[in-house]
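Dumped upload_3.cif below, it's mmCIF, C-alpha atoms:
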data_run
loop_
_atom_site.label_atom_id
_atom_site.label_comp_id
_atom_site.auth_asym_id
_atom_site.auth_seq_id
_atom_site.Cartn_x
_atom_site.Cartn_y
_atom_site.Cartn_z
CA MET D 1 18.47 -77.26 6.83
CA PHE D 2 20.63 -74.12 6.60
CA LYS D 3 21.23 -74.80 2.90
CA ARG D 4 17.46 -74.96 2.41
CA LEU D 5 16.96 -71.61 4.16
CA SER D 6 19.68 -69.93 2.14
CA ARG D 7 18.00 -71.20 -1.02
CA TYR D 8 14.86 -69.15 -0.20
CA THR D 9 16.69 -66.03 0.99
CA HIS D 10 16.72 -64.47 -2.48
CA VAL D 11 13.00 -65.09 -2.95
CA ILE D 12 12.13 -63.55 0.43
CA ALA D 13 14.24 -60.46 -0.34
CA VAL D 14 12.47 -59.92 -3.69
CA LEU D 15 9.05 -60.22 -2.05
CA ALA D 16 10.01 -57.73 0.67
CA ILE D 17 11.23 -55.18 -1.89
CA GLY D 18 8.06 -55.59 -3.93
CA LEU D 19 5.86 -55.07 -0.87
CA ALA D 20 7.77 -51.92 0.12
CA ALA D 21 7.48 -50.51 -3.40
CA SER D 22 3.72 -51.13 -3.48
CA LEU D 23 3.32 -49.27 -0.17
CA VAL D 24 5.29 -46.30 -1.52
CA VAL D 25 3.13 -46.18 -4.64
CA ALA D 26 -0.03 -46.29 -2.53
CA ASP D 27 1.21 -43.46 -0.32
CA VAL D 28 2.00 -41.29 -3.33
CA ALA D 29 -1.34 -42.07 -4.91
CA GLU D 30 -3.12 -40.91 -1.78
CA ALA D 31 -0.91 -37.85 -1.20
CA ARG D 32 -3.50 -35.35 -2.37
CA ARG D 33 -6.62 -37.30 -1.41
CA GLY D 34 -7.09 -37.18 2.36
CA GLY D 35 -3.56 -35.93 2.96
CA GLY D 36 -4.40 -32.98 5.22
CA GLY D 37 -4.13 -29.43 3.94
CA PHE D 38 -1.61 -26.96 2.60
CA GLY D 39 -1.34 -23.23 1.96
CA SER D 40 -2.42 -20.21 3.95
CA ARG D 41 -5.69 -18.70 5.19
CA GLY D 42 -4.16 -15.56 6.67
CA THR D 43 -4.75 -15.18 10.38
CA ARG D 44 -7.24 -18.07 10.20
CA THR D 45 -4.72 -20.61 8.88
CA PHE D 46 -4.81 -22.66 12.08
CA GLN D 47 -8.57 -22.26 12.61
CA ALA D 48 -11.01 -24.81 11.24
CA PRO D 49 -13.41 -23.26 8.71
CA PRO D 50 -17.11 -23.43 9.64
CA ALA D 51 -19.01 -26.54 8.57
CA THR D 52 -21.41 -26.17 5.64
CA ARG D 53 -24.06 -28.24 3.94
CA THR D 54 -21.49 -29.40 1.39
CA ALA D 55 -18.83 -30.18 4.00
CA PRO D 56 -20.69 -30.95 7.26
CA THR D 57 -17.59 -32.48 8.86
CA ASP D 58 -14.48 -30.62 9.97
CA ALA D 59 -11.87 -30.00 7.31
CA ALA D 60 -8.40 -31.41 7.82
CA PRO D 61 -6.01 -28.97 9.49
CA ILE D 62 -3.42 -27.19 7.37
CA ASN D 63 -0.21 -29.04 8.15
CA ARG D 64 1.95 -27.55 5.39
CA THR D 65 2.12 -23.78 5.54
CA MET D 66 4.57 -20.91 5.63
CA THR D 67 2.36 -18.93 8.01
CA PRO D 68 4.00 -18.79 11.46
CA GLN D 69 1.81 -19.98 14.30
CA GLN D 70 1.47 -17.39 17.03
CA PRO D 71 2.42 -18.77 20.45
CA ALA D 72 -0.09 -18.49 23.27
CA SER D 73 0.31 -15.28 25.23
CA PRO D 74 1.58 -15.76 28.80
CA SER D 75 -1.03 -13.24 29.97
CA ALA D 76 -3.77 -15.65 28.84
CA THR D 77 -2.75 -18.12 31.56
CA PRO D 78 -4.93 -17.66 34.66
CA GLN D 79 -3.02 -16.41 37.64
CA ALA D 80 -4.28 -19.28 39.78
CA GLN D 81 -2.88 -21.85 37.34
CA ARG D 82 0.59 -20.39 37.16
CA PRO D 83 3.19 -22.21 39.27
CA ALA D 84 4.24 -20.16 42.25
CA ALA D 85 7.82 -19.00 42.08
CA PRO D 86 9.93 -20.40 44.90
CA GLN D 87 10.70 -17.76 47.47
CA ALA D 88 14.38 -17.09 47.88
CA GLN D 89 15.65 -17.74 51.39
CA ARG D 90 16.76 -14.55 53.04
CA PRO D 91 20.47 -14.72 53.81
CA GLY D 92 21.40 -14.49 57.51
CA PHE D 93 24.37 -15.06 59.70
CA PHE D 94 23.08 -18.38 61.02
CA ASN D 95 22.66 -19.74 57.48
CA GLY D 96 25.59 -21.28 55.71
CA PHE D 97 29.03 -19.97 56.60
CA GLY D 98 28.02 -18.10 59.77
CA ARG D 99 26.44 -21.22 61.28
CA SER D 100 29.53 -23.30 60.53
CA LEU D 101 31.82 -20.65 62.03
CA MET D 102 29.79 -20.35 65.26
CA GLY D 103 29.66 -24.13 65.64
CA GLY D 104 33.39 -24.45 65.18
CA LEU D 105 34.21 -21.78 67.73
CA LEU D 106 31.81 -23.16 70.33
CA LEU D 107 33.12 -26.66 69.83
CA GLY D 108 36.70 -25.44 70.29
CA GLY D 109 35.77 -23.64 73.52
CA LEU D 110 34.03 -26.67 74.94
CA PHE D 111 37.03 -28.84 74.22
CA GLY D 112 39.25 -26.35 76.00
CA MET D 113 37.03 -26.34 79.09
CA LEU D 114 36.79 -30.11 79.19
CA LEU D 115 40.54 -30.57 79.08
CA GLY D 116 40.77 -29.65 82.78
CA GLN D 117 41.31 -25.89 82.82
CA GLY D 118 38.60 -25.44 85.56
CA PHE D 119 37.18 -22.04 86.34
CA GLY D 120 40.00 -20.37 84.47
CA GLY D 121 38.99 -22.30 81.47
CA MET D 122 35.38 -21.25 82.08
CA ALA D 123 36.38 -17.57 82.26
CA GLY D 124 38.39 -17.94 79.10
CA PHE D 125 35.45 -19.56 77.46
CA LEU D 126 33.17 -16.65 78.46
CA GLY D 127 35.68 -14.30 76.92
CA LEU D 128 35.67 -16.42 73.83
CA LEU D 129 31.87 -16.14 73.64
CA LEU D 130 32.13 -12.36 73.87
CA GLN D 131 34.63 -12.33 71.01
CA VAL D 132 32.41 -14.62 68.97
CA ALA D 133 29.41 -12.30 69.56
CA LEU D 134 31.39 -9.31 68.37
CA ILE D 135 32.64 -11.16 65.31
CA ALA D 136 29.12 -12.44 64.59
CA GLY D 137 27.69 -8.93 64.75
CA GLY D 138 30.30 -7.66 62.34
CA ILE D 139 29.73 -10.50 59.88
CA MET D 140 25.95 -10.04 60.10
CA LEU D 141 26.22 -6.35 59.22
CA LEU D 142 28.57 -7.17 56.34
CA MET D 143 26.26 -9.85 54.90
CA ARG D 144 23.19 -7.60 55.19
CA PHE D 145 25.06 -4.89 53.29
CA LEU D 146 26.03 -7.34 50.55
CA ALA D 147 22.47 -8.73 50.37
CA ASN D 148 21.08 -5.22 49.81
CA ARG D 149 23.60 -4.71 47.04
CA ARG D 150 22.50 -7.96 45.34
CA SER D 151 18.73 -7.46 45.74
CA PRO D 152 17.07 -7.82 42.26
CA MET D 153 15.11 -5.05 40.61
CA PRO D 154 11.33 -5.44 41.07
CA ALA D 155 9.58 -7.20 38.16
CA GLY D 156 8.28 -4.83 35.52
CA MET D 157 10.60 -1.93 36.52
CA SER D 158 12.82 -0.72 33.73
CA ALA D 159 16.28 0.75 34.05
CA ARG D 160 14.87 4.21 33.30
CA GLN D 161 12.26 3.89 36.09
CA SER D 162 14.88 2.66 38.55
CA ALA D 163 17.13 5.58 37.76
CA ALA D 164 14.24 8.02 38.08
CA GLY D 165 13.31 6.60 41.49
CA SER D 166 16.88 6.93 42.76
CA GLY D 167 17.36 10.44 41.36
CA ARG D 168 20.21 9.30 39.10
CA PRO D 169 20.10 9.69 35.29
CA PRO D 170 20.25 6.45 33.26
CA ALA D 171 23.66 5.42 32.03
CA PHE D 172 22.45 5.04 28.42
CA ASP D 173 19.25 4.60 26.44
CA ILE D 174 18.95 2.29 23.41
CA PRO D 175 16.09 3.35 21.09
CA ALA D 176 14.09 0.75 19.20
CA MET D 177 15.34 0.02 15.70
CA GLY D 178 13.64 2.25 13.14
CA SER D 179 12.12 4.61 15.70
CA GLY D 180 13.26 7.60 17.67
CA SER D 181 12.40 6.22 21.10
CA ALA D 182 12.14 2.81 22.72
CA ARG D 183 8.70 3.78 24.03
CA GLN D 184 7.23 4.00 20.52
CA PRO D 185 6.13 0.51 19.29
CA ALA D 186 6.66 -0.33 15.66
CA ALA D 187 3.55 0.33 13.58
CA ALA D 188 4.08 -2.90 11.61
CA SER D 189 3.56 -5.03 14.71
CA ALA D 190 -0.12 -4.09 14.92
CA ALA D 191 -2.42 -6.83 13.60
CA PRO D 192 -4.44 -5.84 10.52
CA PRO D 193 -8.14 -5.21 11.12
CA VAL D 194 -10.35 -8.19 10.25
CA SER D 195 -13.93 -7.86 9.03
CA ASP D 196 -16.42 -10.11 7.25
CA ILE D 197 -17.23 -9.44 3.60
CA GLU D 198 -19.91 -10.52 1.14
CA VAL D 199 -19.10 -12.68 -1.89
CA GLY D 200 -21.26 -12.14 -4.99
CA GLN D 201 -22.48 -14.51 -7.66
CA THR D 202 -19.73 -13.35 -10.01
CA ASP D 203 -17.14 -14.53 -7.50
CA LEU D 204 -18.91 -17.87 -7.08
CA ASP D 205 -18.91 -18.42 -10.84
CA ARG D 206 -15.19 -17.62 -10.90
CA PHE D 207 -14.48 -20.17 -8.16
CA GLU D 208 -16.24 -22.86 -10.20
CA VAL D 209 -14.18 -22.01 -13.27
CA MET D 210 -10.96 -22.01 -11.22
CA LEU D 211 -11.80 -25.48 -9.90
CA ARG D 212 -11.69 -26.87 -13.44
CA GLU D 213 -8.70 -24.76 -14.49
CA VAL D 214 -6.53 -25.77 -11.53
CA GLN D 215 -7.40 -29.46 -11.89
CA THR D 216 -6.66 -29.40 -15.62
CA ALA D 217 -3.36 -27.55 -15.17
CA TYR D 218 -2.35 -30.01 -12.44
CA ALA D 219 -3.14 -33.02 -14.64
CA ASN D 220 -1.22 -31.48 -17.59
CA GLU D 221 1.67 -30.52 -15.28
CA ASP D 222 1.32 -26.99 -16.65
CA TYR D 223 3.47 -25.03 -14.20
CA ALA D 224 2.92 -21.71 -15.97
CA GLN D 225 -0.86 -22.00 -15.70
CA LEU D 226 -0.64 -23.07 -12.04
CA ARG D 227 1.49 -20.00 -11.24
CA ARG D 228 -1.19 -17.81 -12.82
CA LEU D 229 -3.99 -19.38 -10.77
CA THR D 230 -2.36 -19.85 -7.35
CA THR D 231 -0.36 -17.96 -4.77
CA PRO D 232 3.41 -18.59 -4.72
CA GLU D 233 3.03 -20.63 -1.54
CA ALA D 234 0.27 -22.87 -2.90
CA MET D 235 2.21 -23.22 -6.14
CA SER D 236 5.27 -24.47 -4.25
CA TYR D 237 3.28 -27.32 -2.67
CA LEU D 238 1.59 -28.30 -5.93
CA ALA D 239 4.96 -28.30 -7.71
CA GLU D 240 6.37 -30.48 -4.94
CA GLU D 241 3.57 -33.03 -5.43
CA LEU D 242 4.11 -33.08 -9.20
CA SER D 243 7.83 -33.55 -8.67
CA ASP D 244 7.20 -36.48 -6.31
CA ASN D 245 4.91 -38.08 -8.90
CA ALA D 246 7.56 -37.74 -11.61
CA THR D 247 10.26 -39.13 -9.32
CA ASN D 248 8.13 -42.21 -8.67
CA GLY D 249 7.29 -42.63 -12.35
CA LEU D 250 3.63 -41.69 -11.92
CA ARG D 251 1.19 -39.22 -13.45
CA ASN D 252 -2.15 -37.99 -12.11
CA VAL D 253 -4.86 -38.17 -14.77
CA VAL D 254 -7.76 -35.77 -14.07
CA SER D 255 -10.55 -34.98 -16.53
CA ASP D 256 -14.25 -34.11 -16.84
CA VAL D 257 -14.26 -32.12 -13.58
CA ARG D 258 -17.76 -30.83 -12.74
CA LEU D 259 -18.94 -28.95 -9.65
CA VAL D 260 -21.84 -30.78 -8.00
CA GLN D 261 -22.41 -28.54 -4.99
CA GLY D 262 -20.67 -25.62 -3.32
CA ASP D 263 -21.07 -23.45 -0.21
CA ILE D 264 -19.31 -20.37 1.13
CA ALA D 265 -17.89 -21.26 4.53
CA GLU D 266 -16.57 -17.78 5.37
CA ALA D 267 -15.28 -14.64 3.68
CA TRP D 268 -13.32 -11.87 5.35
CA ARG D 269 -10.85 -9.03 4.85
CA GLU D 270 -7.51 -8.55 6.59
CA GLY D 271 -6.23 -5.07 5.90
CA THR D 272 -6.18 -4.92 2.10
CA GLN D 273 -6.24 -8.71 1.60
CA GLU D 274 -9.54 -10.52 1.02
CA TYR D 275 -10.17 -14.24 1.64
CA ALA D 276 -13.00 -16.60 0.74
CA THR D 277 -13.19 -20.23 1.89
CA VAL D 278 -15.46 -22.44 -0.21
CA ALA D 279 -16.56 -26.04 0.35
CA MET D 280 -16.87 -27.82 -3.00
CA ARG D 281 -18.17 -31.26 -3.96
CA TYR D 282 -17.05 -32.13 -7.46
CA SER D 283 -16.96 -35.21 -9.69
CA GLY D 284 -14.46 -36.27 -12.31
CA ILE D 285 -12.09 -38.88 -13.59
CA ASP D 286 -9.17 -39.13 -11.19
CA ALA D 287 -6.53 -41.84 -11.43
CA MET D 288 -2.83 -42.32 -10.83
CA VAL D 289 -1.08 -44.16 -13.67
CA GLU D 290 2.45 -45.23 -14.52
CA ARG D 291 4.15 -42.86 -16.93
CA THR D 292 5.67 -45.54 -19.15
CA SER D 293 3.06 -48.26 -19.29
CA GLY D 294 -0.11 -46.33 -18.47
CA ARG D 295 -1.08 -48.96 -15.92
CA VAL D 296 -3.59 -47.70 -13.36
CA VAL D 297 -2.06 -47.63 -9.89
CA SER D 298 -5.07 -46.13 -8.10
CA GLY D 299 -8.36 -44.54 -9.03
CA ASP D 300 -10.53 -45.24 -12.07
CA LEU D 301 -10.11 -44.09 -15.68
CA THR D 302 -13.66 -44.99 -16.71
CA HIS D 303 -15.99 -44.08 -13.84
CA PRO D 304 -16.04 -40.61 -12.27
CA THR D 305 -15.72 -40.27 -8.52
CA GLU D 306 -16.86 -37.53 -6.14
CA THR D 307 -14.52 -35.57 -3.87
CA VAL D 308 -15.22 -32.96 -1.20
CA GLU D 309 -12.53 -30.39 -0.49
CA VAL D 310 -12.35 -26.92 1.08
CA TRP D 311 -10.58 -24.33 -1.06
CA THR D 312 -9.52 -20.86 0.07
CA PHE D 313 -9.06 -18.03 -2.43
CA THR D 314 -7.43 -14.66 -1.85
CA ARG D 315 -7.05 -11.37 -3.69
CA ARG D 316 -6.32 -7.70 -3.29
CA PRO D 317 -8.83 -5.09 -4.48
CA GLY D 318 -8.69 -4.76 -8.25
CA THR D 319 -6.91 -8.10 -8.79
CA ASP D 320 -8.03 -11.63 -9.67
CA TRP D 321 -8.72 -14.37 -7.15
CA LEU D 322 -5.86 -16.80 -6.49
CA LEU D 323 -6.00 -20.25 -4.89
CA SER D 324 -4.18 -20.03 -1.55
CA ALA D 325 -5.10 -23.25 0.33
CA ILE D 326 -6.70 -26.69 -0.10
CA GLN D 327 -8.01 -28.83 2.76
CA SER D 328 -9.42 -32.34 2.48
CA THR D 329 -12.46 -33.52 4.45
#
Represent the supplied structure as structure tokens.
Amino acid sequence: MFKRLSRYTHVIAVLAIGLAASLVVADVAEARRGGGGFGSRGTRTFQAPPATRTAPTDAAPINRTMTPQQPASPSATPQAQRPAAPQAQRPGFFNGFGRSLMGGLLLGGLFGMLLGQGFGGMAGFLGLLLQVALIAGGIMLLMRFLANRRSPMPAGMSARQSAAGSGRPPAFDIPAMGSGSARQPAAASAAPPVSDIEVGQTDLDRFEVMLREVQTAYANEDYAQLRRLTTPEAMSYLAEELSDNATNGLRNVVSDVRLVQGDIAEAWREGTQEYATVAMRYSGIDAMVERTSGRVVSGDLTHPTETVEVWTFTRRPGTDWLLSAIQST
């Protein structure tokens, strides 16, 4: 029986490798179609663009971006929902060491009285209690003094404010880097003003042309043309996809791209940078083929298919629009 199983081991291994390879090819073929989003939309990178007639469903979130995500501000948390800080127990003589010391002394005195010393032992014990009271008072004063020395500075009070309240000048003052005083915030930290803008018909015509140009450059693996049409960040992700295709021996064939319908989802300005997010439904030949044999791995080389994607373009005044993000729907 074991000889029979070992005879089929080689066949099973070949089938397993073939199945794994087919799954890898399918994943690569679907990398761009339905694979989330990449690029940047400025301060709205992590916000879903508004739904439009062309793209009535939510666009996929941008999961590949170089834009840092701003953490939620602690001040936005309601005060009632914040966990209450545990109150520190106030140190006292009867906590910790003082309690142990008092217990030990009293226990020693009781043992002395019970050993048969009578009233003399009782008088000695009363003297012992008086000594313990004096020692306890001294230790209590000492611990209160040390507790006052260790008391933390109130929250929100700076070293300068503490020194001003005590009448003592601060030991030293470290100014903020690039400014003359620590009280002056850096001007670069202020968020750029954001305002909505209008996009004209000339811009819409340019977006339609860029749809065909980017798709053609991607299919031809024309890196120079892609750099001219996209931002450096978007170019890096497109180049990564093309490199993955080449590594897996595949090539994306795209042709006859035609815009069927398009809508402006939103357009805005951040400082001197302008953005426009456009939902586009387009048709075209789109297939993934093997580089050597030309065999179709996915898609169709004869019948066009329709795709809906959300593209974001950006520019500065006086410059051309550049593709900055693509999101699938």
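Selection by the PyMOL selection byres ((chain D and resi 58-62) around 9) on the present file picks out Gly34, Gly35, Gly36, Gly37, Phe38, Gly39, Ser40, Thr45, Phe46, Gln47, Ala48, Pro49, Pro50, Ala51, Ala55, Pro56, Thr57, Asn63, Arg64, Thr65, Glu309, Val310, Ala325, Ile326, Gln327, Ser328 and Thr329 of chain D.
Going from CA of Glu290 in chain D over to CA of Val253 in chain D, you cover 10.2 Å.
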Next on the checklist: On this structure, the PyMOL selection byres ((chain D and resi 210) around 10) would catch which residues? List them as a list in words, sorted by chain and number.
Outcome noted: Leu204, Asp205, Arg206, Phe207, Glu208, Val209, Leu211, Arg212, Glu213, Val214, Gln215, Thr216, Leu229, Thr230, Phe313, Trp321, Leu322 and Leu323 of chain D
Counting all atoms listed in the file, what is within 9 Å of Pro192 in chain D, bar same-chain residues fewer than 4 positions away, as a PDB file with C-alpha atoms, in the coordinates of the input?
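part.pdb written:
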ATOM      1  CA  GLU D 270      -7.510  -8.550   6.590  1.00  0.00           C
ATOM      2  CA  GLY D 271      -6.230  -5.070   5.900  1.00  0.00           C
ATOM      3  CA  THR D 272      -6.180  -4.920   2.100  1.00  0.00           C
TER       4      THR D 272
END
Item to check | Pick from D:Gln273, D:Ser293, D:Thr305, D:Ala234, whichever lies nearest to Leu259 in chain D using all atoms listed in the file | outcome: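 Among D:Gln273, D:Ser293, D:Thr305, D:Ala234, it is D:Thr305 that comes nearest to Leu259 in chain D.
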Next on the checklist: Applying 6 Å and all atoms listed in the file, which residues near Leu250 in chain D remain after dropping the ones on its own chain fewer than 2 positions away? List them as a ChimeraX atom specification.
Outcome noted: /D:245-246,248,289-291
Next on the checklist: If I take CA of Asp286 in chain D and CA of Gly299 in chain D, how far is one from the other in Å, to one decimal?
Outcome noted: 5.9 Å
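If you look at CA of Ala279 in chain D and CA of Thr314 in chain D, they are 14.8 Å away from each other.
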So which residues get picked by the PyMOL selection byres ((chain D and resi 284) around 7) here, written as a compact mmCIF listing (two decimals) with C-alpha atoms, keeping the file's coordinate frame?
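Output file part.txt is given in full below:
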# COMPACT_ATOMS: atom_id res chain seq x y z
CA VAL D 254 -7.76 -35.77 -14.07
CA SER D 255 -10.55 -34.98 -16.53
CA ASP D 256 -14.25 -34.11 -16.84
CA VAL D 257 -14.26 -32.12 -13.58
CA ARG D 258 -17.76 -30.83 -12.74
CA TYR D 282 -17.05 -32.13 -7.46
CA SER D 283 -16.96 -35.21 -9.69
CA ILE D 285 -12.09 -38.88 -13.59
CA ASP D 286 -9.17 -39.13 -11.19
CA PRO D 304 -16.04 -40.61 -12.27
CA THR D 305 -15.72 -40.27 -8.52
CA GLU D 306 -16.86 -37.53 -6.14
Next on the checklist: Please determine, counting all atoms listed in the file, which residue among D:Gly294, D:Gln261, D:Asp320, D:Ala267 has the shortest atom-to-atom distance to Arg53 in chain D.
Outcome noted: D:Gln261
Would you list the residues near (-9.4, -8.4, -0.9) (no more than 6 Å away, in the coordinates of the file, using only C-alpha atoms) as a short mmCIF file (atom, residue, chain, number, x, y, z; two decimals) with C-alpha atoms, in the frame of the given file?
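Done, and the output landed in selection.cif:
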data_model
loop_
_atom_site.label_atom_id
_atom_site.label_comp_id
_atom_site.auth_asym_id
_atom_site.auth_seq_id
_atom_site.Cartn_x
_atom_site.Cartn_y
_atom_site.Cartn_z
CA ARG D 269 -10.85 -9.03 4.85
CA THR D 272 -6.18 -4.92 2.10
CA GLN D 273 -6.24 -8.71 1.60
CA GLU D 274 -9.54 -10.52 1.02
CA ARG D 315 -7.05 -11.37 -3.69
CA ARG D 316 -6.32 -7.70 -3.29
CA PRO D 317 -8.83 -5.09 -4.48
#
To box range 248-262 of chain D, take all atoms listed in the file, fit an axis-aligned box, add 6 Å on each side, and give centre and edge lengths in Å to one decimal, as JSON.
{"center_x": -7.1, "center_y": -34.1, "center_z": -10.1, "size_x": 42.5, "size_y": 29.0, "size_z": 25.5}
Checklist entry - Using all atoms listed in the file, which of the listed residues (D:Ala276, D:Val260, D:Ala217, D:Leu142) sits closest to Ser324 in chain D? => result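 Checking each candidate against Ser324 in chain D, we get D:Ala276 as the closest.
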Next on the checklist: Excluding Leu238 in chain D and its own-chain neighbours fewer than 5 positions away, which residues fall within 9 Å of it when counting only C-alpha atoms? Please give them as a list in words.
Outcome noted: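 So the residues in contact are Tyr218, Leu226, Glu233 and Ser243 of chain D.
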